[in-house]
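S.K.: Mind looking over this structure? Questions follow.
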Amino acid sequence: MPGLLRDYFVVLPDSVAGHAVAGQLPAPDPTAPEATAVVGDVLTVAHPSGRPWVVARPLVRKVSHLRRGDDALVLIGPDRVPEPVLAGLLEGVRDRAALERRLARLPGLHHVVARLSGEAWIRGTASGLRRIYHARHAEAGTLASDRPAVLARLTGAPLDDGALALRMLDFLPHPLSRRVLWRGVHETGAGYGLALPVAAPGTAAAPGPREYRWWEPPPPELPLAEGARKLGDAVAASVRAHVGGLDRISCELSGGLDSTALTFAARATAPATLSLLTVAARDRYSEDETWARRAVETANGSTPEAVSRSSAAAPDLAHHIIPADQAPYFYADLTATSAELNDEPLPVAPGRARAHLLLSRAHATGSRYHLTGYGGDELFLGLPHAYQDLFHGNPLTAWNHLGGLRHQLGWPLLPTLKALLNRSTFPRWLAGAVTPEPQPVTRTPLLSWGVRQSLRPWFTDHANALIAEEFRAAAEEAEPIDPWRGRHVDIDAVRMGARHFQAMEDIGMTIGLPVAAPFYDDRVLEATLAVRLADRISPWRYKPLLVEAMRGVVPDALLARTTKDHMSSDEHQGLREHAPELADLWTGSRLAEHGLVDARHLLRLAAEPFSPVLVEHSISSTVAGETWLRTAENAWPTPELTPTTTTSEA
């Protein structure tokens, strides 16, 4: 059955109707060949009444739970939390705030479901990698889950054309990123939790769910040295939480600084075998493969520096280089996206075939967990918008840094100064954040609340109207993630990247290989944001905070890299190589049936892959929307329901 090869959990009310919903949860077909590697058992944690409370199918993640009387704690994350640790978290706490203070000791990649003193709640992560959704069931009342598609299935929610039109943009700024693709299904914002009603549904006293804020970003006060120590500790803890104790693991070693840092952090957990995978680039000027080979040589002890670092516990390293001519171009095998039903269309979907190849090769090595460096750019590069914040407290330093950045990016002096002094509010910016005008030129200073986007020429008037209305409505009540402009953009960028990483996680689940991005751990995010801006970002140093955090773990010679490769040529070439597949995609387009795109225009562009239109406007998000919509419409082709099997009780 397409689109169901993934894990999920649902939080149910304590009622007869809630119990009935547990028997209606969707399940993948265990007889399907592609499902055999990833079908998991159902685990049920009960209410005090004995009715199901949390029903989970943990294909990859681990469910840890403990009950003390009527109080209970459920953690769903990368590792199983030992019962003594759970007891230490739960023992003696009387309210949510006290429990949250204790949870801050754990690596931050868990969903939390808790019940204390008669109050129940659920939350995901501040980074946005773990999200929560809720919907109202006609009989059972409020249902919560980490997967909106499951709630849509249980409540019969139809697709929402407004939310679908939004997803044809390259990215959605806060708060529009929270618009769920099904009507009546709602996402709770990252950093917020959902307090669940405890009264029986259908009674006059039954309240609705309410959001509460459980996370605040730390003030940026730490100097570089202290902040780097905290970041290094957070990265190491997150890596251990994913792969500590495993004998065979793998890492994507692109050759960039992020993947190199995680490779050496994974090496420090002392697995028996560490497989490193590098995809060779077609561009003869690419430096990634050279740096990847250098990293492996250093880790293997073939350099004097590595010999001094070697130990008896060092794992066997196996470096697998995938030749460039074996790596698919973007837009290859578009129909394969039907194997995963992501929570939403993701712009990375056109690169699925490439990701699938790399993860398949990692799985073939016998790896039990695969690590990637996703999130490193959003966290450590530093976006120019942050100089707005620095300008308030230290204008001379901000202007000095901006001078270096301005000369690197070609920003003209007067527009840069005007952008720096601009004080427009977040709602005002959001109202004008999408426009029918052409994309801003590359020399436009980026110092606002985000990046302005252009509507695509193949969007219909109906789609444009829906998008404009969504932005207008959101701007009426919008509040920024943080009052400081740069911090708002930084956190929004991390959360956007975390959403996109879901595609990698789902491909891994299809293959049967857990995939992780430790940089999206809440503790890593907090450690990064706690460092002073002038130390964290610099136009003259490449990712200075990460470099200092990994010093002593990664050899200094590898920390010296200051360049980054790009794969834009593979995307443009993919438009030509896979033009027939794109033409097939637009023939009978589901987006066109919804009145959102002009299929004839898209067919013409498929026949003209080097059209100036495609140079100016990316088509990847439209492709992602089309492939996602086909998967979503066919995910549950039959109304049969599969009862759950209880394997554990709190």
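Identifiers in the structure tokens: chain A, B, ... in order shown; residue index from 1 per chain; ligand index from 1 in order shown.
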Would you list the contacts of A:Arg123 as a VMD selection string, taking every protein, DNA or RNA residue within 8 Å and counting only C-alpha atoms, but skipping same-chain residues closer than 4 positions in sequence?

M.R.: chain A and resid 111 to 113 131 to 132 192 to 194

S.K.: Within stretch 266-375 of chain A, find each residue whose DSSP state, derived from the backbone, is strand (DSSP E), and express the selection as number ranges by chain.

M.R.: A: 273-279, 316-322, 370-371

S.K.: Considering only C-alpha atoms, state which residue in the set A:Leu169, A:Ala135, A:Val10, A:Ala473 is at the smallest distance from A:Arg452.

M.R.: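 Ranked by minimum distance to A:Arg452, first place goes to A:Leu169.
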
S.K.: Return the single residue from A:Leu317, A:Ala327, A:Ala87, A:Leu405 that is closest to A:Leu276, with distances computed using only C-alpha atoms.

M.R.: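 Under the stated criterion, the closest residue is A:Leu317.
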
S.K.: Determine, counting only C-alpha atoms, which protein, DNA and RNA residues have an atom within 9 Å of an atom of A:Thr372; residues of the same chain fewer than 2 positions away are not included. Present the result as a PyMOL selection string.

M.R.: chain A and resi 250-253+258-259+262-263+370+374-375+515-519

S.K.: Looking only at the backbone, which of the residues in stretch 432-476 of chain A does DSSP tag as alpha helix (DSSP H), as a PyMOL selection string?

M.R.: chain A and resi 461-476

S.K.: Between A:Leu334, A:Gly366, A:Asp247, A:Ala126, which one has atoms that come closest to A:Leu585, using only C-alpha atoms?

M.R.: A:Leu334
